[in-house]
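*Asks:* One file: run_17.txt (compact mmCIF, C-alpha atoms).
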```
# COMPACT_ATOMS: atom_id res chain seq x y z
CA MET B 1 -104.42 -149.15 -125.66
CA LYS B 2 -104.34 -146.68 -122.82
CA GLN B 3 -105.24 -143.17 -123.72
CA ASN B 4 -104.11 -140.24 -121.71
CA PHE B 5 -107.33 -138.47 -120.83
CA LYS B 6 -107.67 -135.99 -118.02
CA LYS B 7 -110.40 -137.16 -115.70
CA VAL B 8 -113.20 -134.67 -115.17
CA LEU B 9 -115.74 -134.82 -112.38
CA LEU B 10 -118.94 -132.85 -112.87
CA ILE B 11 -120.98 -131.60 -109.93
CA VAL B 12 -123.98 -130.31 -111.79
CA PRO B 13 -127.62 -130.72 -110.77
CA SER B 14 -129.01 -130.54 -114.30
CA LYS B 15 -128.73 -133.86 -116.11
CA ILE B 16 -129.13 -132.11 -119.45
CA VAL B 17 -126.24 -129.74 -118.78
CA ALA B 18 -124.11 -132.59 -117.43
CA ARG B 19 -124.74 -134.78 -120.46
CA GLY B 20 -124.09 -131.82 -122.73
CA ILE B 21 -120.67 -131.13 -121.23
CA GLU B 22 -119.87 -134.82 -121.31
CA ALA B 23 -120.71 -134.97 -125.01
CA VAL B 24 -118.83 -131.78 -125.93
CA LEU B 25 -115.68 -132.81 -124.08
CA GLY B 26 -115.95 -136.35 -125.41
CA GLU B 27 -115.89 -135.12 -128.99
CA LEU B 28 -112.74 -133.10 -128.49
CA GLY B 29 -110.72 -135.65 -126.51
CA GLU B 30 -108.11 -134.62 -123.94
CA PHE B 31 -110.72 -134.29 -121.18
CA ARG B 32 -113.19 -137.00 -120.35
CA VAL B 33 -116.09 -136.92 -117.90
CA GLU B 34 -115.57 -139.82 -115.53
CA GLY B 35 -118.20 -139.02 -112.96
CA ILE B 36 -121.32 -136.91 -112.55
CA LEU B 37 -122.68 -135.89 -109.17
CA SER B 38 -125.90 -133.97 -108.82
CA ASP B 39 -125.20 -132.61 -105.35
CA LEU B 40 -122.68 -132.65 -102.52
CA SER B 41 -124.49 -134.97 -100.16
CA HIS B 42 -122.57 -137.29 -97.90
CA ALA B 43 -122.56 -140.08 -100.48
CA SER B 44 -121.47 -137.73 -103.25
CA ALA B 45 -118.66 -136.34 -101.14
CA THR B 46 -117.35 -139.85 -100.60
CA ARG B 47 -117.32 -140.45 -104.34
CA LEU B 48 -115.62 -137.12 -104.87
CA HIS B 49 -112.96 -138.17 -102.40
CA ASN B 50 -112.39 -141.53 -104.07
CA MET B 51 -112.50 -140.61 -107.72
CA ASP B 52 -109.14 -138.93 -107.93
CA ALA B 53 -110.29 -136.47 -110.59
CA ASP B 54 -107.81 -134.25 -112.43
CA VAL B 55 -110.28 -131.40 -112.62
CA ILE B 56 -113.67 -130.69 -111.08
CA ILE B 57 -116.36 -128.64 -112.79
CA ILE B 58 -119.08 -127.44 -110.50
CA ASP B 59 -122.27 -125.49 -110.94
CA PRO B 60 -122.27 -123.29 -107.82
CA VAL B 61 -126.06 -123.45 -107.62
CA VAL B 62 -125.65 -126.83 -105.88
CA PHE B 63 -124.93 -124.76 -102.81
CA ASP B 64 -127.57 -122.53 -101.39
CA TYR B 65 -126.95 -118.85 -101.56
CA VAL B 66 -125.62 -118.24 -98.05
CA SER B 67 -123.04 -121.00 -98.10
CA ARG B 68 -121.89 -120.38 -101.64
CA MET B 69 -118.74 -118.65 -100.50
CA ASN B 70 -117.54 -121.83 -98.86
CA VAL B 71 -117.94 -124.01 -101.93
CA ARG B 72 -114.27 -124.13 -102.67
CA ALA B 73 -113.33 -124.91 -99.08
CA ARG B 74 -115.81 -127.77 -98.94
CA ILE B 75 -114.41 -129.39 -102.03
CA SER B 76 -110.80 -129.05 -101.01
CA GLU B 77 -111.61 -131.19 -97.99
CA TYR B 78 -112.12 -134.05 -100.37
CA SER B 79 -109.96 -133.40 -103.39
CA SER B 80 -106.91 -131.38 -104.31
CA ALA B 81 -107.93 -131.07 -107.99
CA PRO B 82 -108.55 -127.61 -109.46
CA VAL B 83 -112.18 -126.55 -109.26
CA ILE B 84 -113.78 -124.76 -112.20
CA ALA B 85 -117.09 -122.95 -111.80
CA LEU B 86 -119.69 -123.48 -114.47
CA LYS B 87 -121.54 -120.21 -114.73
CA THR B 88 -125.24 -120.90 -115.05
CA ALA B 89 -126.36 -117.93 -112.99
CA PRO B 90 -124.82 -114.52 -112.29
CA MET B 91 -121.97 -114.64 -109.80
CA SER B 92 -120.15 -111.88 -107.94
CA ASP B 93 -116.43 -111.33 -108.58
CA GLU B 94 -115.75 -112.48 -105.07
CA GLN B 95 -117.51 -115.76 -105.70
CA ILE B 96 -115.64 -116.27 -108.93
CA ARG B 97 -112.29 -115.63 -107.31
CA GLN B 98 -112.49 -118.66 -105.05
CA PHE B 99 -112.44 -120.97 -108.05
CA ASP B 100 -109.46 -121.95 -110.16
CA GLY B 101 -111.30 -120.87 -113.30
CA THR B 102 -114.72 -120.39 -114.81
CA ILE B 103 -116.43 -121.64 -117.90
CA SER B 104 -119.77 -120.62 -119.28
CA MET B 105 -122.54 -122.67 -120.83
CA TYR B 106 -122.21 -120.42 -123.86
CA ASP B 107 -118.49 -121.02 -124.38
CA GLU B 108 -117.42 -122.56 -127.66
CA PRO B 109 -116.28 -126.13 -126.96
CA VAL B 110 -112.73 -125.32 -128.03
CA ALA B 111 -112.62 -122.32 -125.71
CA MET B 112 -113.92 -124.46 -122.90
CA VAL B 113 -111.14 -126.99 -123.34
CA ARG B 114 -108.56 -124.20 -123.52
CA LYS B 115 -109.79 -122.75 -120.23
CA LEU B 116 -109.68 -126.15 -118.58
CA ARG B 117 -106.14 -126.66 -119.83
CA GLU B 118 -105.04 -123.26 -118.53
CA SER B 119 -106.59 -123.78 -115.10
CA LEU B 120 -104.97 -127.16 -114.82
CA ALA B 121 -101.56 -125.80 -115.79
CA SER B 122 -101.64 -122.88 -113.37
CA HIS B 123 -102.90 -125.17 -110.62
CA GLU B 124 -99.95 -127.49 -111.11
CA ASP B 125 -97.56 -124.58 -110.69
CA ALA B 126 -98.96 -123.78 -107.26
CA PRO B 127 -96.96 -125.20 -104.35
CA GLU B 128 -98.70 -128.33 -103.15
CA THR B 129 -97.50 -130.59 -100.40
CA GLU B 130 -98.37 -134.01 -101.64
CA GLY B 131 -98.10 -137.50 -100.28
CA PRO B 132 -100.55 -139.14 -97.92
CA GLU B 133 -98.60 -138.39 -94.72
CA LEU B 134 -98.44 -134.98 -93.08
CA SER B 135 -95.42 -132.86 -93.98
CA ALA B 136 -93.20 -131.35 -91.30
CA ARG B 137 -94.84 -127.96 -91.83
CA GLU B 138 -98.31 -129.46 -91.54
CA LYS B 139 -97.36 -131.21 -88.31
CA GLU B 140 -96.07 -127.93 -86.93
CA ILE B 141 -99.37 -126.24 -87.74
CA LEU B 142 -101.36 -129.17 -86.40
CA VAL B 143 -99.61 -128.77 -83.05
CA CYS B 144 -100.58 -125.09 -82.98
CA VAL B 145 -104.20 -126.01 -83.76
CA ALA B 146 -104.18 -128.60 -80.97
CA LYS B 147 -102.95 -125.95 -78.56
CA GLY B 148 -106.00 -123.91 -79.43
CA MET B 149 -104.25 -121.21 -81.45
CA LEU B 150 -106.20 -119.16 -83.97
CA ASN B 151 -105.16 -118.91 -87.62
CA LYS B 152 -103.87 -115.39 -87.07
CA GLU B 153 -101.69 -116.51 -84.16
CA ILE B 154 -100.38 -119.49 -86.10
CA ALA B 155 -99.53 -117.22 -89.02
CA ASP B 156 -97.52 -114.92 -86.72
CA VAL B 157 -95.67 -117.72 -84.96
CA CYS B 158 -94.82 -119.63 -88.14
CA ASN B 159 -94.18 -116.49 -90.15
CA LEU B 160 -96.75 -117.40 -92.78
CA SER B 161 -99.69 -115.58 -94.32
CA ILE B 162 -103.12 -116.47 -92.97
CA HIS B 163 -104.00 -117.72 -96.41
CA THR B 164 -101.13 -120.22 -96.31
CA VAL B 165 -102.12 -121.37 -92.83
CA ILE B 166 -105.65 -122.01 -94.11
CA THR B 167 -104.30 -123.98 -97.06
CA HIS B 168 -102.21 -126.12 -94.72
CA ARG B 169 -105.20 -126.72 -92.49
CA LYS B 170 -107.27 -127.84 -95.45
CA ASN B 171 -104.52 -130.22 -96.47
CA ILE B 172 -104.30 -131.61 -92.94
CA THR B 173 -108.04 -132.25 -92.94
CA ARG B 174 -107.93 -133.84 -96.36
CA LYS B 175 -105.12 -136.17 -95.41
CA THR B 176 -106.39 -137.21 -92.00
CA GLY B 177 -110.13 -137.06 -92.62
CA ILE B 178 -110.46 -135.08 -89.38
CA LYS B 179 -112.29 -131.78 -89.47
CA THR B 180 -112.80 -130.46 -85.96
CA VAL B 181 -110.23 -128.88 -83.67
CA ALA B 182 -111.13 -131.42 -80.98
CA GLY B 183 -110.53 -134.27 -83.43
CA LEU B 184 -107.23 -132.81 -84.61
CA THR B 185 -106.15 -132.48 -81.00
CA VAL B 186 -106.84 -136.18 -80.43
CA TYR B 187 -104.86 -136.99 -83.55
CA ALA B 188 -101.90 -134.90 -82.38
CA LEU B 189 -101.98 -136.50 -78.93
CA LEU B 190 -102.25 -140.08 -80.18
CA ASN B 191 -99.32 -139.49 -82.49
CA ASN B 192 -97.22 -137.91 -79.73
CA LEU B 193 -96.93 -134.65 -81.63
CA VAL B 194 -97.95 -132.54 -78.68
CA ASP B 195 -97.21 -132.57 -74.97
CA PRO B 196 -100.42 -133.52 -73.10
CA ASP B 197 -99.53 -131.09 -70.29
CA SER B 198 -99.66 -128.19 -72.72
CA ILE B 199 -103.36 -128.79 -73.39
CA GLY B 200 -104.46 -129.59 -69.88
CA LEU B 201 -104.44 -133.37 -69.82
CA MET Y 1 -147.18 -148.26 -102.36
CA THR Y 2 -147.95 -145.30 -104.52
CA LYS Y 3 -146.01 -143.31 -107.04
CA GLU Y 4 -145.16 -139.74 -106.27
CA ASN Y 5 -143.20 -137.64 -108.75
CA GLY Y 6 -142.48 -140.86 -110.61
CA LYS Y 7 -140.97 -142.52 -107.54
CA ILE Y 8 -142.38 -145.31 -105.44
CA VAL Y 9 -143.14 -144.26 -101.91
CA PHE Y 10 -145.01 -145.84 -99.00
CA SER Y 11 -148.76 -145.50 -98.83
CA GLU Y 12 -151.38 -146.05 -96.16
CA SER Y 13 -152.78 -149.25 -97.63
CA MET Y 14 -149.53 -151.17 -97.22
CA LYS Y 15 -149.29 -153.76 -94.51
CA LEU Y 16 -147.16 -152.46 -91.69
CA ALA Y 17 -145.20 -155.73 -91.66
CA ASP Y 18 -144.28 -155.25 -95.33
CA LEU Y 19 -143.08 -151.76 -94.58
CA ILE Y 20 -140.67 -153.05 -91.94
CA ASP Y 21 -139.61 -155.86 -94.24
CA MET Y 22 -138.63 -153.27 -96.85
CA ASN Y 23 -136.65 -151.17 -94.40
CA TRP Y 24 -135.94 -152.70 -91.03
CA HIS Y 25 -134.48 -149.42 -89.79
CA LEU Y 26 -138.10 -148.28 -89.48
CA LEU Y 27 -138.32 -150.40 -86.33
CA ASN Y 28 -136.67 -147.38 -84.72
CA VAL Y 29 -139.47 -145.16 -85.99
CA LEU Y 30 -142.14 -147.48 -84.61
CA SER Y 31 -140.66 -147.57 -81.14
CA ARG Y 32 -140.21 -143.80 -81.10
CA LEU Y 33 -143.89 -143.38 -81.92
CA ASP Y 34 -144.86 -145.95 -79.29
CA ILE Y 35 -146.19 -148.37 -81.87
CA GLY Y 36 -145.73 -151.85 -80.46
CA LEU Y 37 -145.18 -155.02 -82.47
CA GLY Y 38 -147.81 -157.72 -82.93
CA PHE Y 39 -149.75 -155.75 -85.52
CA ARG Y 40 -150.69 -158.95 -87.45
CA GLU Y 41 -151.89 -158.25 -91.01
CA ASN Y 42 -152.96 -154.69 -90.30
CA THR Y 43 -152.26 -151.94 -92.78
CA ILE Y 44 -150.45 -148.72 -91.97
CA SER Y 45 -153.70 -146.75 -91.81
CA GLU Y 46 -155.35 -149.36 -89.54
CA VAL Y 47 -152.45 -149.38 -87.11
CA CYS Y 48 -152.24 -145.59 -87.06
CA ALA Y 49 -155.98 -145.28 -86.41
CA GLU Y 50 -155.81 -147.87 -83.65
CA GLN Y 51 -152.85 -146.22 -81.95
CA GLY Y 52 -154.06 -142.66 -82.45
CA ILE Y 53 -151.08 -141.67 -84.59
CA ASN Y 54 -151.46 -139.04 -87.30
CA LEU Y 55 -151.29 -141.01 -90.54
CA ASN Y 56 -149.68 -138.35 -92.75
CA ALA Y 57 -146.99 -137.61 -90.19
CA PHE Y 58 -146.20 -141.31 -89.95
CA LEU Y 59 -145.96 -141.69 -93.73
CA LEU Y 60 -143.76 -138.63 -94.04
CA ILE Y 61 -141.31 -139.88 -91.42
CA CYS Y 62 -141.16 -143.38 -92.94
CA ASN Y 63 -140.61 -142.04 -96.45
CA VAL Y 64 -137.89 -139.61 -95.38
CA TYR Y 65 -136.26 -142.35 -93.37
CA THR Y 66 -136.22 -144.72 -96.32
CA TYR Y 67 -135.76 -142.75 -99.52
CA ASP Y 68 -132.64 -140.61 -99.79
CA ASP Y 69 -133.95 -137.84 -102.00
CA TYR Y 70 -137.56 -137.95 -100.90
CA VAL Y 71 -139.37 -134.64 -101.16
CA PRO Y 72 -142.63 -134.52 -99.21
CA SER Y 73 -145.69 -133.79 -101.31
CA ALA Y 74 -147.90 -130.82 -100.51
CA GLU Y 75 -150.77 -133.25 -100.12
CA LEU Y 76 -149.09 -135.26 -97.36
CA LEU Y 77 -147.81 -132.14 -95.63
CA SER Y 78 -151.21 -130.50 -95.56
CA GLY Y 79 -152.74 -133.20 -93.39
CA ALA Y 80 -149.74 -133.86 -91.18
CA ASP Y 81 -149.90 -133.02 -87.50
CA PRO Y 82 -146.79 -131.12 -86.39
CA ALA Y 83 -147.26 -132.39 -82.84
CA THR Y 84 -146.69 -135.97 -84.02
CA ILE Y 85 -143.47 -134.92 -85.73
CA VAL Y 86 -142.35 -133.12 -82.60
CA ASP Y 87 -143.19 -136.16 -80.44
CA TYR Y 88 -141.15 -138.29 -82.78
CA LEU Y 89 -138.17 -135.92 -82.69
CA HIS Y 90 -138.40 -135.63 -78.92
CA ASN Y 91 -138.43 -139.41 -78.48
CA SER Y 92 -135.49 -139.67 -80.90
CA HIS Y 93 -133.53 -137.28 -78.69
CA ALA Y 94 -134.32 -139.44 -75.68
CA PHE Y 95 -133.19 -142.51 -77.61
CA TYR Y 96 -129.86 -140.93 -78.58
CA LEU Y 97 -129.10 -139.62 -75.11
CA ASP Y 98 -130.32 -142.56 -73.03
CA LYS Y 99 -129.56 -145.51 -75.27
CA ALA Y 100 -127.28 -144.82 -78.22
CA PHE Y 101 -124.71 -142.61 -76.49
CA THR Y 102 -124.61 -144.73 -73.37
CA SER Y 103 -123.94 -147.94 -75.26
CA LEU Y 104 -121.45 -146.20 -77.53
CA GLU Y 105 -119.63 -144.84 -74.51
CA GLU Y 106 -119.51 -148.30 -72.97
CA SER Y 107 -118.16 -149.92 -76.08
CA ILE Y 108 -115.55 -147.16 -76.43
CA ALA Y 109 -114.46 -147.75 -72.83
CA ALA Y 110 -114.12 -151.49 -73.54
CA MET Y 111 -112.18 -150.76 -76.72
CA VAL Y 112 -109.57 -148.50 -75.09
CA GLU Y 113 -109.15 -150.81 -72.10
CA PRO Y 114 -105.72 -152.08 -73.28
CA CYS Y 115 -104.45 -148.51 -73.91
CA ASP Y 116 -102.42 -146.48 -71.44
CA ASP Y 117 -104.13 -144.07 -69.10
CA LEU Y 118 -103.37 -140.99 -71.13
CA GLN Y 119 -104.82 -142.49 -74.31
CA LYS Y 120 -107.95 -143.54 -72.42
CA LYS Y 121 -108.30 -140.04 -71.10
CA ILE Y 122 -107.85 -138.46 -74.54
CA VAL Y 123 -110.57 -140.57 -76.12
CA ALA Y 124 -112.93 -140.29 -73.15
CA ARG Y 125 -112.61 -136.52 -73.12
CA PHE Y 126 -113.27 -136.28 -76.84
CA PHE Y 127 -116.45 -138.33 -76.51
CA ALA Y 128 -117.60 -136.41 -73.45
CA ASP Y 129 -117.17 -133.14 -75.34
CA TYR Y 130 -119.09 -134.51 -78.30
CA ARG Y 131 -121.90 -135.67 -76.07
CA ALA Y 132 -122.08 -132.28 -74.36
CA GLN Y 133 -122.20 -130.57 -77.74
CA VAL Y 134 -125.12 -132.73 -78.86
CA GLU Y 135 -126.95 -132.34 -75.56
CA ASN Y 136 -126.62 -128.61 -75.94
CA HIS Y 137 -128.05 -128.72 -79.45
CA PHE Y 138 -130.96 -130.95 -78.39
CA ALA Y 139 -131.65 -128.74 -75.37
CA TYR Y 140 -132.18 -125.77 -77.67
CA GLU Y 141 -134.68 -127.71 -79.75
CA GLU Y 142 -136.44 -129.09 -76.66
CA ASN Y 143 -136.64 -125.73 -74.89
CA VAL Y 144 -137.25 -123.34 -77.75
CA VAL Y 145 -138.27 -125.01 -80.99
CA PHE Y 146 -140.58 -127.79 -79.83
CA PRO Y 147 -142.61 -125.66 -77.41
CA TYR Y 148 -143.01 -123.11 -80.19
CA VAL Y 149 -144.29 -125.72 -82.66
CA ARG Y 150 -146.66 -127.15 -80.04
CA SER Y 151 -147.95 -123.65 -79.28
CA LEU Y 152 -148.85 -123.08 -82.93
CA LYS Y 153 -151.68 -125.55 -82.49
CA ASP Y 154 -153.55 -123.11 -80.27
CA SER Y 155 -153.25 -120.70 -83.22
CA THR Y 156 -151.95 -118.07 -80.84
CA SER Y 157 -148.81 -117.22 -82.74
CA ARG Y 158 -145.98 -116.56 -80.31
CA GLU Y 159 -144.30 -113.24 -80.78
CA GLY Y 160 -140.64 -112.92 -81.58
CA TYR Y 161 -139.87 -116.39 -82.81
CA THR Y 162 -140.28 -118.02 -86.17
CA ILE Y 163 -139.05 -121.34 -87.49
CA GLU Y 164 -136.67 -119.38 -89.71
CA GLN Y 165 -134.44 -118.80 -86.70
CA PHE Y 166 -134.34 -122.53 -86.16
CA GLU Y 167 -132.84 -122.98 -89.58
CA GLU Y 168 -130.13 -120.49 -88.70
CA ASN Y 169 -129.39 -122.13 -85.38
CA HIS Y 170 -129.33 -125.57 -86.88
CA SER Y 171 -125.67 -126.24 -86.27
CA ASN Y 172 -123.76 -129.20 -87.56
CA ILE Y 173 -122.85 -131.71 -84.94
CA ASP Y 174 -122.09 -134.48 -87.34
CA GLU Y 175 -118.49 -133.43 -87.98
CA THR Y 176 -117.33 -134.49 -84.54
CA LEU Y 177 -118.88 -137.93 -84.94
CA HIS Y 178 -117.25 -138.18 -88.34
CA ASP Y 179 -113.90 -137.41 -86.69
CA LEU Y 180 -114.48 -140.01 -84.00
CA LYS Y 181 -115.07 -142.58 -86.72
CA ASN Y 182 -111.79 -141.75 -88.43
CA ILE Y 183 -109.87 -141.77 -85.16
CA VAL Y 184 -111.24 -145.21 -84.22
CA MET Y 185 -110.70 -146.58 -87.71
CA LYS Y 186 -107.27 -145.13 -88.44
CA TYR Y 187 -105.37 -143.80 -85.47
CA LEU Y 188 -105.92 -145.82 -82.32
CA PRO Y 189 -102.92 -147.84 -81.11
CA ASP Y 190 -102.68 -151.44 -82.31
CA THR Y 191 -103.18 -152.69 -78.76
CA CYS Y 192 -106.91 -152.13 -79.23
CA ASP Y 193 -108.81 -155.26 -80.14
CA THR Y 194 -110.18 -155.29 -83.70
CA VAL Y 195 -113.48 -156.89 -82.75
CA GLN Y 196 -114.11 -154.17 -80.22
CA ARG Y 197 -113.05 -151.46 -82.61
CA ASN Y 198 -115.50 -152.86 -85.14
CA GLU Y 199 -118.19 -152.89 -82.49
CA VAL Y 200 -117.61 -149.18 -81.90
CA LEU Y 201 -117.54 -148.48 -85.63
CA TYR Y 202 -120.86 -150.26 -86.23
CA ARG Y 203 -122.41 -148.17 -83.51
CA ILE Y 204 -120.99 -144.96 -84.96
CA PHE Y 205 -122.12 -145.78 -88.50
CA ARG Y 206 -125.64 -146.60 -87.31
CA LEU Y 207 -125.79 -143.49 -85.15
CA GLU Y 208 -124.45 -141.32 -87.96
CA GLU Y 209 -127.08 -142.62 -90.35
CA ASP Y 210 -129.85 -142.19 -87.82
CA LEU Y 211 -128.81 -138.65 -86.91
CA ALA Y 212 -128.65 -137.76 -90.60
CA LYS Y 213 -132.26 -138.94 -91.06
CA HIS Y 214 -133.22 -137.04 -87.94
CA THR Y 215 -131.88 -133.84 -89.47
CA ILE Y 216 -133.69 -134.53 -92.73
CA VAL Y 217 -136.98 -135.00 -90.88
CA GLU Y 218 -136.40 -131.61 -89.28
CA ASP Y 219 -135.40 -129.89 -92.51
CA THR Y 220 -137.82 -131.43 -95.00
CA VAL Y 221 -140.84 -132.15 -92.82
CA LEU Y 222 -140.91 -130.03 -89.68
CA ILE Y 223 -139.72 -126.75 -91.17
CA PRO Y 224 -141.98 -126.76 -94.27
CA LEU Y 225 -144.89 -127.88 -92.11
CA VAL Y 226 -144.40 -125.04 -89.65
CA ASN Y 227 -143.80 -122.56 -92.48
CA ARG Y 228 -147.23 -123.46 -93.82
CA ILE Y 229 -148.87 -122.92 -90.48
CA GLU Y 230 -147.03 -119.65 -89.91
CA ASP Y 231 -148.16 -118.42 -93.30
CA SER Y 232 -151.76 -119.36 -92.65
CA VAL Y 233 -151.77 -117.60 -89.26
CA LYS Y 234 -150.48 -114.35 -90.71
```
What do you get writing this file as structure tokens?
*Replies:*
Amino acid sequence: MKQNFKKVLLIVPSKIVARGIEAVLGELGEFRVEGILSDLSHASATRLHNMDADVIIIDPVVFDYVSRMNVRARISEYSSAPVIALKTAPMSDEQIRQFDGTISMYDEPVAMVRKLRESLASHEDAPETEGPELSAREKEILVCVAKGMLNKEIADVCNLSIHTVITHRKNITRKTGIKTVAGLTVYALLNNLVDPDSIGL
Amino acid sequence: MTKENGKIVFSESMKLADLIDMNWHLLNVLSRLDIGLGFRENTISEVCAEQGINLNAFLLICNVYTYDDYVPSAELLSGADPATIVDYLHNSHAFYLDKAFTSLEESIAAMVEPCDDLQKKIVARFFADYRAQVENHFAYEENVVFPYVRSLKDSTSREGYTIEQFEENHSNIDETLHDLKNIVMKYLPDTCDTVQRNEVLYRIFRLEEDLAKHTIVEDTVLIPLVNRIEDSVK
């Protein structure tokens, strides 16, 4: 009998909190905790990448204060699932906005599940280029990156918002596993997407 | 071995040979601290005493190198000589630049041999840029950070620099290596020989692991150690 659970990945340093969420969600069904990571080390990131979670719940304290703003960006390198912040400490509005939703440790279990459901639904509505290969748009942006263009320039040329350009770049990195501009340039060259003369080779 | 925070870690009374048997990667650590082989049945503390190596520093490096989430104890840190850590880091730099990068570069050249000239050039340029980036990063540590740490010993605190700045300048050079790995694994033309690609990948994986440990030694041993000294000088 195969049950249709949504797979949840927890990135929570506290074992007690993690086990608590696991138990609460387990009782209500619908969502099930399939993996618990205590940090975002290299090994954890690999698991994150491979688990194919439907939703990720993260306690932002796993990132130190200065880098907290980039939490969301880091995760989207490895997974396209919606990311929900678990509020264990006060967070600024700006920090909250980067997540696809927030839940609190003091939420009623039913409310928690409702919030997860809502975040998941609104995330699915968002345009998302899927499939393992790069889309035509992504290839176009990759070529711009290889030519050394900045996000602002790419946005102007392609008639997109900077935000959209950034989303495309994240997707390119997630699909190819390549993070640096130099690496993306090599990728574009090896796949004959860009003229070597145009980048001084 | 002793237990620290409920975890088993290496202790001075272990035989050095048993230590290596538990984690053969520590052979790297020995050579970087100029500890030769042929240490017979000697314990860690005996070998360190014989070779004039600071025992606590040695234990810290070996523990960090072996246990993923190792957090140095205040006790070990308090008796560790920062100069030994700096010597170790300096010799690691020399190892990466003189040995690891050179052999990686050679095996990359052998791997792309069947490719066309443009492809060879693309890969060679990427590696050269990576190497330059790392050299640049090491040069900063060699020219600014290490002399500063060594100068702390004379307890004449140098004005205008603290180890805090090091933490800020501690840039990530591992992303480029990560990219190289993916390029070799996934995107090189099929004309490249698999055995040679594997050879390159083994080298990258080993280097990646070693560099990661190197960073952890800096972050969890060197920085806290220097912080302690800075605080005591104030």
*Asks:* Could you list, with a cut-off of 9 Å and counting all atoms listed in the file, the residues of range 83-187 of chain B near range 122-142 of chain Y, each shown with its nearest atom pair and the distance in Å rounded to one decimal, rows sorted by chain and ascending number, as a tab-separated table?
*Replies:*
```
residue	atom	partner	partner_atom	distance
B:Ala182	CA	Y:Phe126	CA	6.7
B:Gly183	CA	Y:Phe126	CA	7.4
B:Thr185	CA	Y:Ile122	CA	9.0
B:Val186	CA	Y:Ile122	CA	6.4
```
*Asks:* Listing only residues of chain B within 12 Å of chain Y, what is the closest atom pair and its distance in Å (to one decimal) for each, using only C-alpha atoms, sorted by chain and residue number ascending, as CSV?
*Replies:*
```
residue,atom,partner,partner_atom,distance
B:Ser38,CA,Y:Asp69,CA,11.2
B:Asp39,CA,Y:Asp69,CA,10.7
B:Ser41,CA,Y:Asp68,CA,9.9
B:His42,CA,Y:Ala212,CA,9.5
B:Ala43,CA,Y:Asp68,CA,10.1
B:Val66,CA,Y:Glu168,CA,10.6
B:Ser67,CA,Y:Glu168,CA,11.8
B:Thr173,CA,Y:Asp179,CA,10.0
B:Arg174,CA,Y:Asn182,CA,11.8
B:Lys175,CA,Y:Asn182,CA,11.2
B:Thr176,CA,Y:Asn182,CA,7.9
B:Gly177,CA,Y:Asn182,CA,6.5
B:Ile178,CA,Y:Asp179,CA,4.9
B:Lys179,CA,Y:Asp179,CA,6.5
B:Thr180,CA,Y:Thr176,CA,6.2
B:Val181,CA,Y:Thr176,CA,9.1
B:Ala182,CA,Y:Phe126,CA,6.7
B:Gly183,CA,Y:Asp179,CA,5.6
B:Leu184,CA,Y:Asp179,CA,8.4
B:Thr185,CA,Y:Ile122,CA,9.0
B:Val186,CA,Y:Ile122,CA,6.4
B:Tyr187,CA,Y:Tyr187,CA,7.1
B:Ala188,CA,Y:Tyr187,CA,10.0
B:Leu189,CA,Y:Ile122,CA,7.6
B:Leu190,CA,Y:Gln119,CA,6.8
B:Asn191,CA,Y:Tyr187,CA,8.0
B:Asn192,CA,Y:Gln119,CA,10.4
B:Asp195,CA,Y:Leu118,CA,11.1
B:Pro196,CA,Y:Leu118,CA,8.3
B:Asp197,CA,Y:Leu118,CA,10.7
B:Ile199,CA,Y:Ile122,CA,10.7
B:Gly200,CA,Y:Ile122,CA,10.6
B:Leu201,CA,Y:Ile122,CA,7.7
```
*Asks:* Which residue is closest to Lys99 in chain Y? Choose from Y:Val144, Y:Leu59, Y:Leu207, Y:Leu19 and count all atoms listed in the file.
*Replies:*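 Comparing Y:Val144, Y:Leu59, Y:Leu207, Y:Leu19 against Lys99 in chain Y, the winner is Y:Leu207.
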*Asks:* I'd like the contact shell of Val226 in chain Y - 12 Å cut-off, all atoms listed in the file, skipping same-chain residues fewer than 3 positions apart - returned as a ChimeraX atom specification.
*Replies:* /Y:77-78,80-83,85-86,145-146,148-153,155,157,161-164,166-167,218-223,229-233
*Asks:* Report, in Å with one decimal, the straight-line distance from CA of Leu193 in chain B to CA of Pro114 in chain Y.
*Replies:*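 CA of Pro114 in chain Y lies at a distance of 21.2 Å from CA of Leu193 in chain B.
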*Asks:* Excluding Glu30 in chain B and residues on its chain fewer than 6 positions from it, collect all residues at most 12 Å away from it, counting all atoms listed in the file, and give them as an mmCIF file with C-alpha atoms, in the coordinates of the input.
*Replies:*
```
data_model
loop_
_atom_site.group_PDB
_atom_site.id
_atom_site.type_symbol
_atom_site.label_atom_id
_atom_site.label_comp_id
_atom_site.auth_asym_id
_atom_site.auth_seq_id
_atom_site.Cartn_x
_atom_site.Cartn_y
_atom_site.Cartn_z
ATOM 1 C CA GLN B 3 -105.240 -143.170 -123.720
ATOM 2 C CA ASN B 4 -104.110 -140.240 -121.710
ATOM 3 C CA PHE B 5 -107.330 -138.470 -120.830
ATOM 4 C CA LYS B 6 -107.670 -135.990 -118.020
ATOM 5 C CA LYS B 7 -110.400 -137.160 -115.700
ATOM 6 C CA VAL B 8 -113.200 -134.670 -115.170
ATOM 7 C CA VAL B 24 -118.830 -131.780 -125.930
ATOM 8 C CA ASP B 54 -107.810 -134.250 -112.430
ATOM 9 C CA VAL B 55 -110.280 -131.400 -112.620
ATOM 10 C CA VAL B 110 -112.730 -125.320 -128.030
ATOM 11 C CA MET B 112 -113.920 -124.460 -122.900
ATOM 12 C CA VAL B 113 -111.140 -126.990 -123.340
ATOM 13 C CA ARG B 114 -108.560 -124.200 -123.520
ATOM 14 C CA LEU B 116 -109.680 -126.150 -118.580
ATOM 15 C CA ARG B 117 -106.140 -126.660 -119.830
#
```
